[in-house]
Amino acid sequence: MPRRKMILPVLLTALGLILGRFLLPWLQVAPDTANQVLVWGMFGIGFDLLFGYTGLLSFGQSAFFGTGGFIAAWLLTNDVMGSVLAALLIGTIGAAAAGVLVGLIALRRTGIYFAMITVAIAETFFFVENSPLSAWTGGENGLPGVPAPVFRLGSLVWKVGTGWSMYAFLAGCFFVAMVLAMRIVRSPVGAILTAIRDNPLRARAVGHAVGHYKLAAFVVAAAYAGFAGGLLGVLQGFMPPDAFTFDTSGQLVMQTVIGGSATLFGPLLGAAVWLSLRDFLQAGMGLGGAWKLVLGLVFVLLVCFLRRGLIGGLESLFARRGKAAPDEAAAIDLAAPTLSSVGPSPRRRAAPRFDGPVLEAKGLTKIYGGLSANRDIDFSVNEGELRAVIGPNGAGKSTFFKMLTCEVTPSKGSIRFGGRDITGMDVARVCQLGLTKSYQVNQLFGRLTLRENLMIAALAERRGLFRLDLLRSLDRVPGLATQVEQTLGLVGLTARADLPVAELAYGEKRRLEIGLALAASPSLLLLDEPLAGMSPRERVETVQLLKNIRRGRTLIIVEHDVDVVFELAERITVLHEGRKLAEGTPAEIQRNSFVQEAYLGGVAAA
Amino acid sequence: MITWPNFLSQLFNGAALGALLALISSGLTIIYGTLGVLNLAHGAMFMLGGYAGYAVYAATGSFLLAVVGGSAALVVVGALLELVVIRRFYGRPPEDQMLVTFGIGIVVVELVRLGFGSLALTVPPPAAIAGVTPLGFIIYPTYRIAVLAIAAVVLAVLYVVLYRTRLGMIVRAGIEDSVMVNMLGINVYRVFMLVFGIGAMAAGFAGIINAPVVALTPDMGDAVLVETFVVVVIGGVGSFPGAIIGGLIAGEILSLTAMVDPSYAQVMLFVVMTLVLILRPQGLLGQQGRA
């Protein structure tokens with residue numbers, strides 16, 4: 001999520017493209033090279049959205065480049081369609097449709113599986129194009145005779161020619177494609193994509209339909225690829241079959257990484273470096289075929305030492321110079337007791353009025369292989385209650401909690417939340433209903449700032465499971481900023497709001513962890529060991545925070561610190577060896593002899 | 001026209017191809033299973049094995065030496081790659097590991113192109129197992145039978161090494177929990193280096209024994225890499241038996257489809273992979289929750 005102001009980057013892009021028209025000939029750059037760079041740069045915008053922003057590394061983008069290219073070229077060379085732009089658009093839609101199909105298969109898996117599947121599918125596209133469909137695609141010969149566009153406005157006619165005339169057309173296309181991408185990146189969807197890249201598990205847990213968003217990114221990338229593929233045919237007057245090869249996908253990946261991913265302009269820069277190095281090494285140095293070896297070495301070195309590519313490298317160079325001394329004032333400000341002055345954050349709207357326990361679990365059982373982690377647990381919590389769940393290590397607290405939030409499906413038993421059966425429901429959906437948790441081990445969005453982290457969680461509450469508002473600005477989401485500010489205040493991190501998460505102290509990260517759950521505005525909040533690993537001072541602050549956030553909410557806490565539990569909780573449930581051992585008020589639990597024996601060992605009785 | 005002899009000989013072709021794919025895929029799987037790195041340079045290792053064998057053969061004229069020398073060269077190359085590059089990437093995201101091995105693959109291919117040129121090179125099969133063998137119902141090239149046998153033997157050796165030796169036990173324990181193995185006082189890094197070497201060798205060895213069947217070109221590894229991916233997706237990443245089953249299935253699919261219509265061979269392979277992904281996303285012998 002970069003800065004949200006768009007006017008300056010848009011103007012600079014336009015200026016750069018126009019200046020290129022005059023500077024590049026002066027620098028003796030061949031127009032064909034410049035045009036190729038624009039086509040590859042556009043191809044790369046989509047890939048950057050997929051890889052740089054969403055974190056999905058596909059080695060199969062050639063499938064969509066080729067699909068879009070051949071559909072457009074076929075339409076134009078068979079006199080089906082006169083308008084080049086219309087053909088390009090249909091090619092783009094065709095590529096996007098292919099993207100939906102491929103995405104549905106490839107996105108079933110993540111990481112290396114995803115990469116392998118995209119490679120295999122792209123190869124299949126190549127084989128299909130090359131043999132079974134060769135009557136349409138020209139097989140190994142490709143499709144020659146792709147016309148250049150002609151534009152008419154009244155009596156004005158612009159017939160796009162070769163060379164710099166083609167540059168004007170391609171630059172216009174690139175500009176539109178880039179502005180659209182800038183808007184996507186600055187939209188709520190763009191923000192959620194970066195969250196998925198950083199921590200898909202948490203993006204889902206705060207209530208986003210991660211799978212849908214990934215598919216959206218995949219299809220957008222396919223559409224960009226299809227459009228660029230069509231332009232390749234227009235540029236060369238010929239649609240080459242090697243658009244479909246693994247080499248094409250590989251070149252795209254390398255150019256993007258060389259230029260810098262998650263920058264949108266990286267692929268353009270990478271393509272410029274790639275093509276000019278090729279021309280220079282091949283012709284200028286007389287290296288012939290060895291140019292690719294040099295590029296391969298450059299690529300390996302960049303991945304090893306400058307993973308953020310050329311643009312990323314430049315950015316960190318300037319950032320290091322511009323950076324002031326660490327902000328001591330902010331650190332001191334943190335200790336100010338602002339916590340209690342903030343009211344509870346907005347309540348979730350949906351929860352219909354309902355009499356009876358907010359959460360009711362019956363006969364919850366979880367069996368792993370031959371081992372049962374939880375057996376026959378009945379558990380119910382009333383509206384507004386603060387419940388603690390305690391038990392020695394290995395008592396099954398974590399599994400129990402994971403079943404309540406639907407991260408783990410119970411082997412037996414049912415869970416009702418607000419009168420509704422949520423057993424086996426998707427985590428994101430459960431969060432949308434108003435139930436979420438903060439994790440025992442921090443699950444944050446590591447590359448985003450604190451404010452952006454909370455924004456991701458708040459967006460889920462504001463926008464629901466899934467929404468494709470690709471072109472809406474984040475600033476236009478009603479109530480988002482207020483909700484984020486309130487949560488920041490509630491967890492006492494307002495002064496640190498614009499720092500990247502990596503620069504926070506441990507205790508601050510811990511509070512942000514709780515803040516993420518809070519920003520999703522749950523009516524029932526589960527806290528998994530909120531005090532884990534905190535210093536005494538941090539503990540005091542966090543206990544105060546817990547007291548503040550319980551207003552208007554139902555809380556369930558798993559915690560090892562028994563003193564805190566007895567101080568905060570109204571009722572306590574004790575788990576032991578996977579079963580419920582006892583339940584009652586703190587006083588009752590302290591008196592319970594089973595509990596003393598199994599867990600407290602007489603210490604609490606003193 | 002599909003006849004019985006035709007069908008049987010394709011079945012044999014499929015088994016020979018499948019055994020090769022199984023060998024290459026087991027290399028990929030051993031590396032991934034142990035080090036958690038998906039080696040996109042694996043196709044290049046296959047190709048490099050073929051060329052290393054060719055170089056030894058050109059120098060000595062002995063096919064046996066070519067196989068031994070080429071394999072040894074690949075162990076060294078693999079171990080060096082692990083030591084110099086891969087080792088820096090264990091703590092980095094899987095995407096970075098894929099990017100760097102992809103880059104290494106390109107560098108290796110281009111180096112070979114620089115050294116040997118782009119033209120196809122051939123290694124003749126050794127005289128002892130050249131020619132054809134009558135199998136009663138069909139007449140079949142002797143060398144392909146040998147390939148099947150050799151690949152089966154090497155896979156068996158790999159299996160014994162992985163499941164019956166101390167090294168194998170460490171490797172398999174490393175797959176489960178490399179930190180713990182390290183804490184037990186075993187030098188995991190030395191094991192990792194060896195594993196990468198063995199994995200590269202599996203691909204390289206396949207490259208050498210395949211050299212008399214298919215001519216060598218620097219780009220030959222790309223297609224093999226893709227087929228290997230399909231094999232491990234079908235069989236299950238990180239599963240040694242899965243790599244073998246997946247390899248044989250893929251070999252037969254390619255071969256038997258080619259008998260009907262060669263242009264659909266690769267497509268059919270993909271169709272089967274998609275079916276597996278839909279019905280059993282973790283692969284035939286993969287475990288739920290891994291990778």
# chains A, B, ... in the order shown; residues from 1 in each chain; ligands from 1
>>> interface_residues(of="chain A", to="chain B", cutoff="6 Å", atoms="only C-alpha atoms", output="PDB file with C-alpha atoms, in the first residue's frame")
ATOM      1  CA  MET A 116       4.563 -25.891 -10.820  1.00  0.00           C
ATOM      2  CA  ALA A 120       2.453 -27.230 -16.587  1.00  0.00           C
ATOM      3  CA  THR A 124      -0.296 -27.345 -22.312  1.00  0.00           C
ATOM      4  CA  SER A 131      -0.943 -28.878 -32.869  1.00  0.00           C
ATOM      5  CA  LEU A 293      24.366 -15.779 -19.963  1.00  0.00           C
ATOM      6  CA  GLY A 296      21.205 -14.809 -16.246  1.00  0.00           C
ATOM      7  CA  VAL A 300      21.038 -14.465 -10.002  1.00  0.00           C
TER       8      VAL A 300
END
>>> select_by_dssp(residues="segment 182-291 of chain B", states="alpha helix (DSSP H)", output="ChimeraX atom specification")
/B:182-183,188-210,220-235,240-260,265-279
>>> write_last_selection(atoms="C-alpha atoms", output="PDB file, in the first residue's frame")
ATOM      1  CA  ASN B 182      20.893 -30.147  13.935  1.00  0.00           C
ATOM      2  CA  MET B 183      20.465 -29.968  17.685  1.00  0.00           C
ATOM      3  CA  VAL B 188      22.835 -30.917   8.789  1.00  0.00           C
ATOM      4  CA  TYR B 189      24.568 -28.593   6.371  1.00  0.00           C
ATOM      5  CA  ARG B 190      27.005 -31.253   5.226  1.00  0.00           C
ATOM      6  CA  VAL B 191      24.070 -33.606   4.759  1.00  0.00           C
ATOM      7  CA  PHE B 192      22.206 -30.926   2.826  1.00  0.00           C
ATOM      8  CA  MET B 193      25.170 -30.472   0.511  1.00  0.00           C
ATOM      9  CA  LEU B 194      25.273 -34.188  -0.130  1.00  0.00           C
ATOM     10  CA  VAL B 195      21.526 -34.363  -0.675  1.00  0.00           C
ATOM     11  CA  PHE B 196      21.609 -31.585  -3.247  1.00  0.00           C
ATOM     12  CA  GLY B 197      24.456 -33.410  -4.955  1.00  0.00           C
ATOM     13  CA  ILE B 198      22.561 -36.714  -4.985  1.00  0.00           C
ATOM     14  CA  GLY B 199      19.404 -35.008  -6.239  1.00  0.00           C
ATOM     15  CA  ALA B 200      21.308 -33.332  -9.080  1.00  0.00           C
ATOM     16  CA  MET B 201      22.999 -36.639  -9.834  1.00  0.00           C
ATOM     17  CA  ALA B 202      19.650 -38.436 -10.187  1.00  0.00           C
ATOM     18  CA  ALA B 203      18.680 -35.964 -12.895  1.00  0.00           C
ATOM     19  CA  GLY B 204      22.135 -35.962 -14.463  1.00  0.00           C
ATOM     20  CA  PHE B 205      22.321 -39.752 -14.520  1.00  0.00           C
ATOM     21  CA  ALA B 206      18.983 -39.860 -16.324  1.00  0.00           C
ATOM     22  CA  GLY B 207      20.395 -37.324 -18.755  1.00  0.00           C
ATOM     23  CA  ILE B 208      23.354 -39.547 -19.589  1.00  0.00           C
ATOM     24  CA  ILE B 209      21.496 -42.791 -20.084  1.00  0.00           C
ATOM     25  CA  ASN B 210      18.927 -40.913 -22.136  1.00  0.00           C
ATOM     26  CA  MET B 220      16.286 -30.085 -23.620  1.00  0.00           C
ATOM     27  CA  GLY B 221      15.884 -29.588 -19.879  1.00  0.00           C
ATOM     28  CA  ASP B 222      12.880 -27.258 -20.095  1.00  0.00           C
ATOM     29  CA  ALA B 223      10.456 -29.888 -21.355  1.00  0.00           C
ATOM     30  CA  VAL B 224      11.807 -32.392 -18.843  1.00  0.00           C
ATOM     31  CA  LEU B 225      11.363 -29.912 -15.997  1.00  0.00           C
ATOM     32  CA  VAL B 226       7.713 -29.419 -16.901  1.00  0.00           C
ATOM     33  CA  GLU B 227       7.091 -33.172 -17.097  1.00  0.00           C
ATOM     34  CA  THR B 228       8.851 -33.607 -13.771  1.00  0.00           C
ATOM     35  CA  PHE B 229       6.533 -31.048 -12.200  1.00  0.00           C
ATOM     36  CA  VAL B 230       3.529 -32.945 -13.484  1.00  0.00           C
ATOM     37  CA  VAL B 231       4.992 -36.149 -12.072  1.00  0.00           C
ATOM     38  CA  VAL B 232       5.451 -34.741  -8.577  1.00  0.00           C
ATOM     39  CA  VAL B 233       2.076 -33.033  -8.605  1.00  0.00           C
ATOM     40  CA  ILE B 234       0.491 -36.374  -9.497  1.00  0.00           C
ATOM     41  CA  GLY B 235       2.611 -38.404  -7.089  1.00  0.00           C
ATOM     42  CA  PHE B 240       9.741 -40.865  -2.920  1.00  0.00           C
ATOM     43  CA  PRO B 241       7.286 -43.659  -3.811  1.00  0.00           C
ATOM     44  CA  GLY B 242       4.990 -40.958  -5.189  1.00  0.00           C
ATOM     45  CA  ALA B 243       7.720 -39.834  -7.596  1.00  0.00           C
ATOM     46  CA  ILE B 244       8.106 -43.391  -8.903  1.00  0.00           C
ATOM     47  CA  ILE B 245       4.385 -44.063  -9.321  1.00  0.00           C
ATOM     48  CA  GLY B 246       3.856 -40.598 -10.807  1.00  0.00           C
ATOM     49  CA  GLY B 247       6.772 -41.116 -13.202  1.00  0.00           C
ATOM     50  CA  LEU B 248       5.430 -44.430 -14.471  1.00  0.00           C
ATOM     51  CA  ILE B 249       1.922 -43.032 -14.860  1.00  0.00           C
ATOM     52  CA  ALA B 250       3.218 -40.007 -16.756  1.00  0.00           C
ATOM     53  CA  GLY B 251       5.425 -42.159 -18.983  1.00  0.00           C
ATOM     54  CA  GLU B 252       2.554 -44.427 -19.953  1.00  0.00           C
ATOM     55  CA  ILE B 253       0.179 -41.522 -20.544  1.00  0.00           C
ATOM     56  CA  LEU B 254       2.671 -39.820 -22.852  1.00  0.00           C
ATOM     57  CA  SER B 255       3.475 -43.003 -24.694  1.00  0.00           C
ATOM     58  CA  LEU B 256       0.003 -44.459 -25.079  1.00  0.00           C
ATOM     59  CA  THR B 257      -1.588 -41.140 -26.065  1.00  0.00           C
ATOM     60  CA  ALA B 258       1.177 -40.606 -28.605  1.00  0.00           C
ATOM     61  CA  MET B 259       0.182 -43.924 -30.180  1.00  0.00           C
ATOM     62  CA  VAL B 260      -3.291 -42.532 -30.878  1.00  0.00           C
ATOM     63  CA  ALA B 265       0.236 -36.536 -25.510  1.00  0.00           C
ATOM     64  CA  GLN B 266       1.168 -33.499 -23.407  1.00  0.00           C
ATOM     65  CA  VAL B 267      -2.432 -32.355 -23.238  1.00  0.00           C
ATOM     66  CA  MET B 268      -3.539 -35.701 -21.832  1.00  0.00           C
ATOM     67  CA  LEU B 269      -0.774 -35.506 -19.239  1.00  0.00           C
ATOM     68  CA  PHE B 270      -2.164 -32.173 -18.113  1.00  0.00           C
ATOM     69  CA  VAL B 271      -5.726 -33.501 -18.042  1.00  0.00           C
ATOM     70  CA  VAL B 272      -4.651 -36.263 -15.676  1.00  0.00           C
ATOM     71  CA  MET B 273      -2.767 -33.777 -13.500  1.00  0.00           C
ATOM     72  CA  THR B 274      -5.882 -31.604 -13.280  1.00  0.00           C
ATOM     73  CA  LEU B 275      -8.013 -34.602 -12.332  1.00  0.00           C
ATOM     74  CA  VAL B 276      -5.585 -35.500  -9.571  1.00  0.00           C
ATOM     75  CA  LEU B 277      -5.595 -31.897  -8.328  1.00  0.00           C
ATOM     76  CA  ILE B 278      -9.366 -31.871  -8.168  1.00  0.00           C
ATOM     77  CA  LEU B 279      -9.850 -35.305  -6.642  1.00  0.00           C
TER      78      LEU B 279
END
>>> residues_around(residues="segment 411-416 of chain A", least_positions_apart="3", cutoff="7 Å", atoms="only C-alpha atoms", output="PDB file with N, CA and C atoms, in the first residue's frame")
ATOM      1  N   LEU A 359     -22.477 -17.882  22.610  1.00  0.00           N
ATOM      2  CA  LEU A 359     -21.741 -19.004  22.029  1.00  0.00           C
ATOM      3  C   LEU A 359     -22.113 -20.259  22.784  1.00  0.00           C
ATOM      4  N   GLU A 360     -22.446 -21.287  22.056  1.00  0.00           N
ATOM      5  CA  GLU A 360     -22.825 -22.523  22.705  1.00  0.00           C
ATOM      6  C   GLU A 360     -22.233 -23.700  21.940  1.00  0.00           C
ATOM      7  N   ALA A 361     -21.343 -24.425  22.622  1.00  0.00           N
ATOM      8  CA  ALA A 361     -20.746 -25.600  21.992  1.00  0.00           C
ATOM      9  C   ALA A 361     -21.240 -26.836  22.711  1.00  0.00           C
ATOM     10  N   LYS A 362     -21.547 -27.873  21.924  1.00  0.00           N
ATOM     11  CA  LYS A 362     -22.062 -29.105  22.534  1.00  0.00           C
ATOM     12  C   LYS A 362     -21.240 -30.295  22.081  1.00  0.00           C
ATOM     13  N   GLY A 363     -20.730 -31.025  23.047  1.00  0.00           N
ATOM     14  CA  GLY A 363     -20.048 -32.296  22.754  1.00  0.00           C
ATOM     15  C   GLY A 363     -18.846 -32.167  21.847  1.00  0.00           C
ATOM     16  N   LEU A 364     -18.110 -31.024  21.953  1.00  0.00           N
ATOM     17  CA  LEU A 364     -16.979 -30.801  21.058  1.00  0.00           C
ATOM     18  C   LEU A 364     -15.887 -31.848  21.281  1.00  0.00           C
ATOM     19  N   THR A 365     -15.501 -32.504  20.194  1.00  0.00           N
ATOM     20  CA  THR A 365     -14.487 -33.545  20.262  1.00  0.00           C
ATOM     21  C   THR A 365     -13.570 -33.371  19.070  1.00  0.00           C
ATOM     22  N   LYS A 366     -12.255 -33.477  19.319  1.00  0.00           N
ATOM     23  CA  LYS A 366     -11.315 -33.458  18.198  1.00  0.00           C
ATOM     24  C   LYS A 366     -10.343 -34.606  18.355  1.00  0.00           C
ATOM     25  N   ILE A 367     -10.273 -35.427  17.342  1.00  0.00           N
ATOM     26  CA  ILE A 367      -9.387 -36.587  17.393  1.00  0.00           C
ATOM     27  C   ILE A 367      -8.356 -36.465  16.278  1.00  0.00           C
ATOM     28  N   GLY A 419     -27.041 -18.107  18.071  1.00  0.00           N
ATOM     29  CA  GLY A 419     -28.185 -18.914  17.691  1.00  0.00           C
ATOM     30  C   GLY A 419     -28.016 -19.610  16.353  1.00  0.00           C
ATOM     31  N   ARG A 420     -26.852 -19.423  15.706  1.00  0.00           N
ATOM     32  CA  ARG A 420     -26.649 -19.927  14.356  1.00  0.00           C
ATOM     33  C   ARG A 420     -25.589 -21.024  14.376  1.00  0.00           C
ATOM     34  N   ASP A 421     -25.831 -22.092  13.678  1.00  0.00           N
ATOM     35  CA  ASP A 421     -24.863 -23.189  13.653  1.00  0.00           C
ATOM     36  C   ASP A 421     -23.675 -22.797  12.780  1.00  0.00           C
ATOM     37  N   ILE A 422     -22.488 -22.725  13.380  1.00  0.00           N
ATOM     38  CA  ILE A 422     -21.299 -22.343  12.602  1.00  0.00           C
ATOM     39  C   ILE A 422     -20.326 -23.504  12.465  1.00  0.00           C
ATOM     40  N   THR A 423     -20.722 -24.705  12.865  1.00  0.00           N
ATOM     41  CA  THR A 423     -19.808 -25.845  12.791  1.00  0.00           C
ATOM     42  C   THR A 423     -19.323 -26.041  11.351  1.00  0.00           C
TER      43      THR A 423
END
>>> select_by_dssp(residues="segment 91-335 of chain A", states="strand (DSSP E or B)", output="MDAnalysis selection string")
chainID A and resid 143:144 150:153 156:159 238:239
>>> write_last_selection(atoms="C-alpha atoms", output="mmCIF file, in the first residue's frame")
data_model
loop_
_atom_site.group_PDB
_atom_site.id
_atom_site.type_symbol
_atom_site.label_atom_id
_atom_site.label_comp_id
_atom_site.auth_asym_id
_atom_site.auth_seq_id
_atom_site.Cartn_x
_atom_site.Cartn_y
_atom_site.Cartn_z
ATOM 1 C CA LEU A 143 -0.304 -15.581 -37.903
ATOM 2 C CA PRO A 144 1.155 -13.033 -40.336
ATOM 3 C CA VAL A 150 -6.595 3.351 -37.750
ATOM 4 C CA PHE A 151 -8.419 6.006 -35.749
ATOM 5 C CA ARG A 152 -11.042 8.308 -37.202
ATOM 6 C CA LEU A 153 -12.452 11.361 -35.488
ATOM 7 C CA LEU A 156 -9.285 13.462 -38.885
ATOM 8 C CA VAL A 157 -7.664 10.143 -39.649
ATOM 9 C CA TRP A 158 -4.701 8.713 -37.766
ATOM 10 C CA LYS A 159 -3.289 5.632 -39.407
ATOM 11 C CA PHE A 238 2.703 -10.916 -37.023
ATOM 12 C CA MET A 239 1.661 -13.067 -34.099
#
>>> atom_distance(atom1="atom CA of Leu555 of chain A", atom2="atom CA of Pro392 of chain A")
20.6 Å
>>> residues_around(residues="Thr3 of chain B", least_positions_apart="3", cutoff="12 Å", atoms="only C-alpha atoms", output="PDB file with C-alpha atoms, in the first residue's frame")
ATOM      1  CA  ASN B   6       2.351 -51.640 -31.609  1.00  0.00           C
ATOM      2  CA  PHE B   7       0.509 -51.311 -28.323  1.00  0.00           C
ATOM      3  CA  LEU B   8       2.994 -53.501 -26.473  1.00  0.00           C
ATOM      4  CA  SER B   9       5.992 -51.671 -27.783  1.00  0.00           C
ATOM      5  CA  GLN B  10       4.388 -48.370 -26.754  1.00  0.00           C
ATOM      6  CA  PHE B 137       5.825 -61.008 -29.717  1.00  0.00           C
ATOM      7  CA  ILE B 138       7.735 -57.832 -30.625  1.00  0.00           C
ATOM      8  CA  MET B 259       0.182 -43.924 -30.180  1.00  0.00           C
ATOM      9  CA  VAL B 260      -3.291 -42.532 -30.878  1.00  0.00           C
TER      10      VAL B 260
END
>>> closest_residue(among="A:Phe244, A:Leu201, A:Ser62, A:Val119", to="Thr137 of chain A", atoms="only C-alpha atoms")
A:Phe244
>>> atom_distance(atom1="atom CA of Ala127 of chain B", atom2="atom CA of Ser26 of chain B")
29.4 Å
>>> atom_distance(atom1="atom CA of Ala87 of chain A", atom2="atom CA of Leu268 of chain A")
24.2 Å
>>> closest_residue(among="A:Trp291, A:Phe114, A:Phe305, A:Phe401", to="Phe51 of chain A", atoms="only C-alpha atoms")
A:Phe114
>>> closest_residue(among="A:Asn199, A:Thr542, A:Thr248, A:Gln596", to="His576 of chain A", atoms="only C-alpha atoms")
A:Gln596
